Amino acid sequence: MTVDLRHLRAFLAIAAEGSVTRAAARLHVTQPALSRTLRQLEAHLGVTLADRSTHHLELTAAGTALRDRAAAAVAAVDDVLDPARAGAWPLRLGHAWSALGEHTGPLLRAWDEAYPDVPLRLLRIDDRTAGLTDGRTDAAVLRDPGEIAGVRTECLLTEARLAAVPADGELARRPRLALADLAGHPIAINTVTGTTTLDLWPPAAAPAMTVEVANTDDWLAAISAGRAAGVTSVATAAMYPHPAVAYVPLTDAPPLHLHVAWREPPTHPAVPALIGLLRTLTI
């Protein structure tokens, strides 16, 4: 029995849905057929990938370990077979929030000049690694990424933090703010890719309310509507100016560290050139 891409797609659908029944509906196949496909993959690998002993299917440790590798493999194959990319193999640079701020434009222009035959595609992907671990990007710019298995990181620069407040409010009229000035207001927190948590404040002086959002657009919407204030980096002010949001310097918030991250070995031959150019632009 030959295991092929069909088996990986079936496994990823099951992992995403948490149910063979729902995965079968998603793939437009019968449940028995999908169950056989999963068993074939398990037999080939010699491991059990999903625990089906309860009402809710759960991945085993082996299944969890396979999920990211399978997603990366499927994404890589889809990328290679995409007719729109047949003429050139683009280098995909992911970001989860504000790219490189003021350095974004210079990077894109410098890349086009130095490497005109390799398109550099900047992708905003709202997950913790900006698509790096599941194969959607070849490199990523991340703020305080922590340890990521199989991924190398290098710090490029530090960024000051700003307060983001409604432009028509009293806080927007001040030349600078402290974290204590924001403590009486709900704080918009991006729970998916954001770097702001209530840990910025002393426990006894933390804001009493938060507004949870999942991406930059919802974060801006909450602040511009007067529902919350926010804490962010100077890069956000550069990349997302908004007439209803004022960015004000914060005097006592620790800076953020901007990293470039890539898989080792690299998934695109131009990744080392990109890292070298980033070093040059951000020194």
# chains A, B, ... in the order shown; residues from 1 in each chain; ligands from 1

call {"tool": "residues_around", "arguments": {"residues": "A:Asp117", "least_positions_apart": "4", "cutoff": "10 Å", "atoms": "only C-alpha atoms", "output": "list in words"}}
result
Ala88, Trp89, Pro90, Trp111, Asp112 and Glu113 of chain A

call {"tool": "residues_around", "arguments": {"residues": "A:Thr153", "least_positions_apart": "5", "cutoff": "8 Å", "atoms": "only C-alpha atoms", "output": "list in words"}}
result
His259, Val260, Ala261 and Trp262 of chain A

call {"tool": "write_last_selection", "arguments": {"atoms": "all heavy atoms", "output": "short mmCIF file (atom, residue, chain, number, x, y, z; two decimals), in the first residue's frame"}}
result
data_model
loop_
_atom_site.label_atom_id
_atom_site.label_comp_id
_atom_site.auth_asym_id
_atom_site.auth_seq_id
_atom_site.Cartn_x
_atom_site.Cartn_y
_atom_site.Cartn_z
N HIS A 259 12.48 40.17 15.93
CA HIS A 259 13.35 39.08 15.48
C HIS A 259 12.99 38.69 14.05
O HIS A 259 11.85 38.82 13.61
CB HIS A 259 13.16 37.83 16.36
CG HIS A 259 13.62 37.99 17.77
ND1 HIS A 259 12.92 38.72 18.69
CD2 HIS A 259 14.72 37.50 18.41
CE1 HIS A 259 13.55 38.67 19.86
NE2 HIS A 259 14.63 37.95 19.71
N VAL A 260 13.98 38.18 13.33
CA VAL A 260 13.71 37.43 12.11
C VAL A 260 13.83 35.96 12.48
O VAL A 260 14.70 35.56 13.26
CB VAL A 260 14.67 37.80 10.97
CG1 VAL A 260 16.13 37.56 11.35
CG2 VAL A 260 14.33 37.01 9.70
N ALA A 261 12.91 35.15 11.96
CA ALA A 261 12.88 33.72 12.28
C ALA A 261 12.80 32.93 10.98
O ALA A 261 12.18 33.37 10.01
CB ALA A 261 11.67 33.41 13.16
N TRP A 262 13.45 31.78 10.96
CA TRP A 262 13.40 30.91 9.78
C TRP A 262 13.64 29.48 10.20
O TRP A 262 14.22 29.20 11.26
CB TRP A 262 14.45 31.34 8.75
CG TRP A 262 15.88 31.15 9.16
CD1 TRP A 262 16.70 30.11 8.82
CD2 TRP A 262 16.67 32.01 10.00
NE1 TRP A 262 17.95 30.27 9.38
CE2 TRP A 262 17.96 31.43 10.11
CE3 TRP A 262 16.42 33.23 10.67
CZ2 TRP A 262 18.99 32.00 10.85
CZ3 TRP A 262 17.45 33.80 11.41
CH2 TRP A 262 18.70 33.20 11.50
#

call {"tool": "select_by_dssp", "arguments": {"residues": "stretch 92-258 of chain A", "states": "alpha helix (DSSP H)", "output": "ChimeraX atom specification"}}
result
/A:104-114,179-182,216-224,234-239

call {"tool": "write_last_selection", "arguments": {"atoms": "N, CA and C atoms", "output": "mmCIF file, in the first residue's frame"}}
result
data_model
loop_
_atom_site.group_PDB
_atom_site.id
_atom_site.type_symbol
_atom_site.label_atom_id
_atom_site.label_comp_id
_atom_site.auth_asym_id
_atom_site.auth_seq_id
_atom_site.Cartn_x
_atom_site.Cartn_y
_atom_site.Cartn_z
ATOM 1 N N THR A 104 9.933 48.589 6.574
ATOM 2 C CA THR A 104 9.281 47.699 5.618
ATOM 3 C C THR A 104 9.471 48.160 4.178
ATOM 4 N N GLY A 105 9.178 49.421 3.915
ATOM 5 C CA GLY A 105 9.340 49.952 2.571
ATOM 6 C C GLY A 105 10.777 49.861 2.068
ATOM 7 N N PRO A 106 11.756 50.327 2.865
ATOM 8 C CA PRO A 106 13.150 50.193 2.426
ATOM 9 C C PRO A 106 13.569 48.754 2.142
ATOM 10 N N LEU A 107 13.072 47.794 2.949
ATOM 11 C CA LEU A 107 13.412 46.391 2.688
ATOM 12 C C LEU A 107 12.893 45.950 1.325
ATOM 13 N N LEU A 108 11.630 46.223 1.043
ATOM 14 C CA LEU A 108 11.044 45.780 -0.221
ATOM 15 C C LEU A 108 11.746 46.421 -1.415
ATOM 16 N N ARG A 109 12.085 47.707 -1.295
ATOM 17 C CA ARG A 109 12.775 48.381 -2.403
ATOM 18 C C ARG A 109 14.181 47.835 -2.582
ATOM 19 N N ALA A 110 14.894 47.620 -1.469
ATOM 20 C CA ALA A 110 16.261 47.100 -1.556
ATOM 21 C C ALA A 110 16.275 45.690 -2.124
ATOM 22 N N TRP A 111 15.283 44.883 -1.746
ATOM 23 C CA TRP A 111 15.218 43.514 -2.268
ATOM 24 C C TRP A 111 14.971 43.507 -3.776
ATOM 25 N N ASP A 112 14.019 44.318 -4.224
ATOM 26 C CA ASP A 112 13.709 44.364 -5.651
ATOM 27 C C ASP A 112 14.927 44.801 -6.467
ATOM 28 N N GLU A 113 15.727 45.684 -5.894
ATOM 29 C CA GLU A 113 16.924 46.148 -6.599
ATOM 30 C C GLU A 113 18.015 45.084 -6.616
ATOM 31 N N ALA A 114 18.196 44.393 -5.468
ATOM 32 C CA ALA A 114 19.296 43.424 -5.365
ATOM 33 C C ALA A 114 18.946 42.072 -5.968
ATOM 34 N N LEU A 179 1.977 53.882 32.038
ATOM 35 C CA LEU A 179 1.053 52.753 32.110
ATOM 36 C C LEU A 179 -0.085 53.024 33.095
ATOM 37 N N ALA A 180 0.213 53.734 34.175
ATOM 38 C CA ALA A 180 -0.819 54.036 35.170
ATOM 39 C C ALA A 180 -1.945 54.872 34.580
ATOM 40 N N ASP A 181 -1.639 55.679 33.566
ATOM 41 C CA ASP A 181 -2.670 56.501 32.939
ATOM 42 C C ASP A 181 -3.688 55.659 32.179
ATOM 43 N N LEU A 182 -3.272 54.463 31.780
ATOM 44 C CA LEU A 182 -4.164 53.586 31.025
ATOM 45 C C LEU A 182 -4.928 52.619 31.913
ATOM 46 N N THR A 216 -5.077 42.779 14.035
ATOM 47 C CA THR A 216 -4.807 44.210 14.062
ATOM 48 C C THR A 216 -6.044 45.027 13.733
ATOM 49 N N ASP A 217 -6.820 44.581 12.759
ATOM 50 C CA ASP A 217 -7.992 45.351 12.340
ATOM 51 C C ASP A 217 -9.007 45.482 13.469
ATOM 52 N N ASP A 218 -9.256 44.366 14.176
ATOM 53 C CA ASP A 218 -10.209 44.422 15.287
ATOM 54 C C ASP A 218 -9.661 45.261 16.439
ATOM 55 N N TRP A 219 -8.340 45.209 16.645
ATOM 56 C CA TRP A 219 -7.683 46.027 17.688
ATOM 57 C C TRP A 219 -7.901 47.504 17.393
ATOM 58 N N LEU A 220 -7.651 47.929 16.154
ATOM 59 C CA LEU A 220 -7.857 49.326 15.779
ATOM 60 C C LEU A 220 -9.327 49.723 15.907
ATOM 61 N N ALA A 221 -10.216 48.826 15.538
ATOM 62 C CA ALA A 221 -11.644 49.132 15.603
ATOM 63 C C ALA A 221 -12.088 49.370 17.045
ATOM 64 N N ALA A 222 -11.594 48.552 17.967
ATOM 65 C CA ALA A 222 -11.978 48.709 19.377
ATOM 66 C C ALA A 222 -11.504 50.049 19.933
ATOM 67 N N ILE A 223 -10.294 50.450 19.563
ATOM 68 C CA ILE A 223 -9.743 51.702 20.083
ATOM 69 C C ILE A 223 -10.402 52.901 19.417
ATOM 70 N N SER A 224 -10.563 52.859 18.101
ATOM 71 C CA SER A 224 -11.155 53.998 17.399
ATOM 72 C C SER A 224 -12.602 54.235 17.816
ATOM 73 N N VAL A 234 6.191 51.102 18.113
ATOM 74 C CA VAL A 234 6.262 52.218 17.171
ATOM 75 C C VAL A 234 5.986 51.732 15.745
ATOM 76 N N ALA A 235 6.232 50.444 15.475
ATOM 77 C CA ALA A 235 5.981 49.915 14.136
ATOM 78 C C ALA A 235 4.507 49.997 13.765
ATOM 79 N N THR A 236 3.619 49.823 14.744
ATOM 80 C CA THR A 236 2.187 49.891 14.454
ATOM 81 C C THR A 236 1.793 51.286 14.014
ATOM 82 N N ALA A 237 2.355 52.291 14.662
ATOM 83 C CA ALA A 237 2.050 53.668 14.264
ATOM 84 C C ALA A 237 2.517 53.933 12.837
ATOM 85 N N ALA A 238 3.644 53.336 12.449
ATOM 86 C CA ALA A 238 4.164 53.534 11.098
ATOM 87 C C ALA A 238 3.327 52.797 10.058
ATOM 88 N N MET A 239 2.865 51.593 10.392
ATOM 89 C CA MET A 239 2.161 50.756 9.424
ATOM 90 C C MET A 239 0.645 50.969 9.421
#

call {"tool": "closest_residue", "arguments": {"among": "A:Leu38, A:Ala167, A:Ala172, A:Leu256", "to": "A:Leu142", "atoms": "only C-alpha atoms"}}
result
A:Leu256

call {"tool": "residues_around", "arguments": {"residues": "A:Phe11", "least_positions_apart": "3", "cutoff": "9 Å", "atoms": "only C-alpha atoms", "output": "PyMOL selection string"}}
result
chain A and resi 6-8+14-16+23+34+37-38+41+49+63+67+70

call {"tool": "select_by_dssp", "arguments": {"residues": "stretch 80-220 of chain A", "states": "strand (DSSP E or B)", "output": "PyMOL selection string"}}
result
chain A and resi 91-95+120-124+139-143+151-159+161-166+177+187-190+210-213

call {"tool": "write_last_selection", "arguments": {"atoms": "C-alpha atoms", "output": "PDB file, in the first residue's frame"}}
result
ATOM      1  CA  LEU A  91      10.281  34.126  -1.037  1.00  0.00           C
ATOM      2  CA  ARG A  92       7.495  34.442   1.517  1.00  0.00           C
ATOM      3  CA  LEU A  93       8.144  36.734   4.489  1.00  0.00           C
ATOM      4  CA  GLY A  94       5.439  36.500   7.142  1.00  0.00           C
ATOM      5  CA  HIS A  95       4.498  38.919   9.879  1.00  0.00           C
ATOM      6  CA  LEU A 120       9.602  38.846  -2.109  1.00  0.00           C
ATOM      7  CA  ARG A 121       6.045  38.383  -0.909  1.00  0.00           C
ATOM      8  CA  LEU A 122       5.106  40.053   2.403  1.00  0.00           C
ATOM      9  CA  LEU A 123       2.260  38.155   4.084  1.00  0.00           C
ATOM     10  CA  ARG A 124       0.344  39.076   7.225  1.00  0.00           C
ATOM     11  CA  ALA A 139      10.833  33.448   7.107  1.00  0.00           C
ATOM     12  CA  ALA A 140       8.986  35.720   9.517  1.00  0.00           C
ATOM     13  CA  VAL A 141       9.476  38.873  11.524  1.00  0.00           C
ATOM     14  CA  LEU A 142       8.210  38.290  15.052  1.00  0.00           C
ATOM     15  CA  ARG A 143       8.174  40.250  18.281  1.00  0.00           C
ATOM     16  CA  VAL A 151      13.168  27.472  14.112  1.00  0.00           C
ATOM     17  CA  ARG A 152      16.152  29.800  14.433  1.00  0.00           C
ATOM     18  CA  THR A 153      15.695  33.418  15.479  1.00  0.00           C
ATOM     19  CA  GLU A 154      17.919  36.481  15.430  1.00  0.00           C
ATOM     20  CA  CYS A 155      17.156  39.799  17.112  1.00  0.00           C
ATOM     21  CA  LEU A 156      17.208  42.674  14.619  1.00  0.00           C
ATOM     22  CA  LEU A 157      16.308  45.685  16.759  1.00  0.00           C
ATOM     23  CA  THR A 158      14.363  46.971  19.736  1.00  0.00           C
ATOM     24  CA  GLU A 159      11.223  49.066  19.469  1.00  0.00           C
ATOM     25  CA  ARG A 161       6.167  51.000  23.026  1.00  0.00           C
ATOM     26  CA  LEU A 162       3.358  53.489  22.490  1.00  0.00           C
ATOM     27  CA  ALA A 163      -0.097  53.952  23.925  1.00  0.00           C
ATOM     28  CA  ALA A 164      -2.904  53.806  21.373  1.00  0.00           C
ATOM     29  CA  VAL A 165      -5.939  55.815  22.511  1.00  0.00           C
ATOM     30  CA  PRO A 166      -9.095  57.281  20.937  1.00  0.00           C
ATOM     31  CA  LEU A 177       1.639  58.768  29.022  1.00  0.00           C
ATOM     32  CA  ILE A 187      -7.236  47.451  27.383  1.00  0.00           C
ATOM     33  CA  ALA A 188      -7.509  45.895  23.922  1.00  0.00           C
ATOM     34  CA  ILE A 189      -5.438  42.693  23.887  1.00  0.00           C
ATOM     35  CA  ASN A 190      -4.714  40.615  20.804  1.00  0.00           C
ATOM     36  CA  THR A 210      -9.802  43.875  28.787  1.00  0.00           C
ATOM     37  CA  VAL A 211     -11.272  43.704  25.287  1.00  0.00           C
ATOM     38  CA  GLU A 212     -10.012  40.592  23.501  1.00  0.00           C
ATOM     39  CA  VAL A 213      -9.367  40.814  19.760  1.00  0.00           C
TER      40      VAL A 213
END

call {"tool": "closest_residue", "arguments": {"among": "A:Ala25, A:Ala214, A:Ala229, A:Ala160", "to": "A:Gly184", "atoms": "only C-alpha atoms"}}
result
A:Ala229

call {"tool": "atom_distance", "arguments": {"atom1": "atom CA of A:Ala72", "atom2": "atom CA of A:Asp51"}}
result
22.8 Å

call {"tool": "atom_distance", "arguments": {"atom1": "atom CA of A:Thr64", "atom2": "atom CA of A:Gly150"}}
result
14.9 Å

call {"tool": "closest_residue", "arguments": {"among": "A:Ile125, A:Val29, A:Ala149, A:Ala24", "to": "A:Asp68", "atoms": "only C-alpha atoms"}}
result
A:Ala149

call {"tool": "atom_distance", "arguments": {"atom1": "atom CA of A:Thr251", "atom2": "atom CA of A:Ser233"}}
result
12.8 Å

call {"tool": "decode", "arguments": {"residues": "stretch 220-233 of chain A", "atoms": "N, CA, C and O atoms", "output": "PDB file, in the first residue's frame"}}
result
ATOM      1  N   LEU A 220      -7.651  47.929  16.154  1.00  0.00           N
ATOM      2  CA  LEU A 220      -7.857  49.326  15.779  1.00  0.00           C
ATOM      3  C   LEU A 220      -9.327  49.723  15.907  1.00  0.00           C
ATOM      4  O   LEU A 220      -9.640  50.837  16.339  1.00  0.00           O
ATOM      5  N   ALA A 221     -10.216  48.826  15.538  1.00  0.00           N
ATOM      6  CA  ALA A 221     -11.644  49.132  15.603  1.00  0.00           C
ATOM      7  C   ALA A 221     -12.088  49.370  17.045  1.00  0.00           C
ATOM      8  O   ALA A 221     -12.864  50.292  17.317  1.00  0.00           O
ATOM      9  N   ALA A 222     -11.594  48.552  17.967  1.00  0.00           N
ATOM     10  CA  ALA A 222     -11.978  48.709  19.377  1.00  0.00           C
ATOM     11  C   ALA A 222     -11.504  50.049  19.933  1.00  0.00           C
ATOM     12  O   ALA A 222     -12.223  50.718  20.686  1.00  0.00           O
ATOM     13  N   ILE A 223     -10.294  50.450  19.563  1.00  0.00           N
ATOM     14  CA  ILE A 223      -9.743  51.702  20.083  1.00  0.00           C
ATOM     15  C   ILE A 223     -10.402  52.901  19.417  1.00  0.00           C
ATOM     16  O   ILE A 223     -10.794  53.873  20.080  1.00  0.00           O
ATOM     17  N   SER A 224     -10.563  52.859  18.101  1.00  0.00           N
ATOM     18  CA  SER A 224     -11.155  53.998  17.399  1.00  0.00           C
ATOM     19  C   SER A 224     -12.602  54.235  17.816  1.00  0.00           C
ATOM     20  O   SER A 224     -13.088  55.369  17.767  1.00  0.00           O
ATOM     21  N   ALA A 225     -13.295  53.171  18.252  1.00  0.00           N
ATOM     22  CA  ALA A 225     -14.681  53.309  18.701  1.00  0.00           C
ATOM     23  C   ALA A 225     -14.786  53.779  20.143  1.00  0.00           C
ATOM     24  O   ALA A 225     -15.895  53.977  20.648  1.00  0.00           O
ATOM     25  N   GLY A 226     -13.646  53.947  20.818  1.00  0.00           N
ATOM     26  CA  GLY A 226     -13.664  54.404  22.205  1.00  0.00           C
ATOM     27  C   GLY A 226     -13.948  53.313  23.209  1.00  0.00           C
ATOM     28  O   GLY A 226     -14.192  53.601  24.386  1.00  0.00           O
ATOM     29  N   ARG A 227     -13.886  52.049  22.780  1.00  0.00           N
ATOM     30  CA  ARG A 227     -14.178  50.943  23.690  1.00  0.00           C
ATOM     31  C   ARG A 227     -12.974  50.552  24.533  1.00  0.00           C
ATOM     32  O   ARG A 227     -13.124  49.864  25.535  1.00  0.00           O
ATOM     33  N   ALA A 228     -11.759  50.958  24.117  1.00  0.00           N
ATOM     34  CA  ALA A 228     -10.560  50.499  24.810  1.00  0.00           C
ATOM     35  C   ALA A 228      -9.387  51.395  24.452  1.00  0.00           C
ATOM     36  O   ALA A 228      -9.452  52.216  23.530  1.00  0.00           O
ATOM     37  N   ALA A 229      -8.313  51.212  25.219  1.00  0.00           N
ATOM     38  CA  ALA A 229      -6.999  51.760  24.872  1.00  0.00           C
ATOM     39  C   ALA A 229      -6.093  50.575  24.577  1.00  0.00           C
ATOM     40  O   ALA A 229      -6.445  49.421  24.851  1.00  0.00           O
ATOM     41  N   GLY A 230      -4.922  50.840  24.019  1.00  0.00           N
ATOM     42  CA  GLY A 230      -4.009  49.755  23.692  1.00  0.00           C
ATOM     43  C   GLY A 230      -2.571  50.131  23.945  1.00  0.00           C
ATOM     44  O   GLY A 230      -2.244  51.308  24.120  1.00  0.00           O
ATOM     45  N   VAL A 231      -1.717  49.114  23.972  1.00  0.00           N
ATOM     46  CA  VAL A 231      -0.266  49.309  24.060  1.00  0.00           C
ATOM     47  C   VAL A 231       0.344  48.560  22.885  1.00  0.00           C
ATOM     48  O   VAL A 231       0.007  47.394  22.638  1.00  0.00           O
ATOM     49  N   THR A 232       1.233  49.224  22.158  1.00  0.00           N
ATOM     50  CA  THR A 232       1.785  48.618  20.960  1.00  0.00           C
ATOM     51  C   THR A 232       3.187  49.145  20.718  1.00  0.00           C
ATOM     52  O   THR A 232       3.737  49.882  21.537  1.00  0.00           O
ATOM     53  N   SER A 233       3.772  48.775  19.565  1.00  0.00           N
ATOM     54  CA  SER A 233       5.121  49.233  19.234  1.00  0.00           C
ATOM     55  C   SER A 233       5.058  50.412  18.270  1.00  0.00           C
ATOM     56  O   SER A 233       4.031  50.690  17.645  1.00  0.00           O
TER      57      SER A 233
END
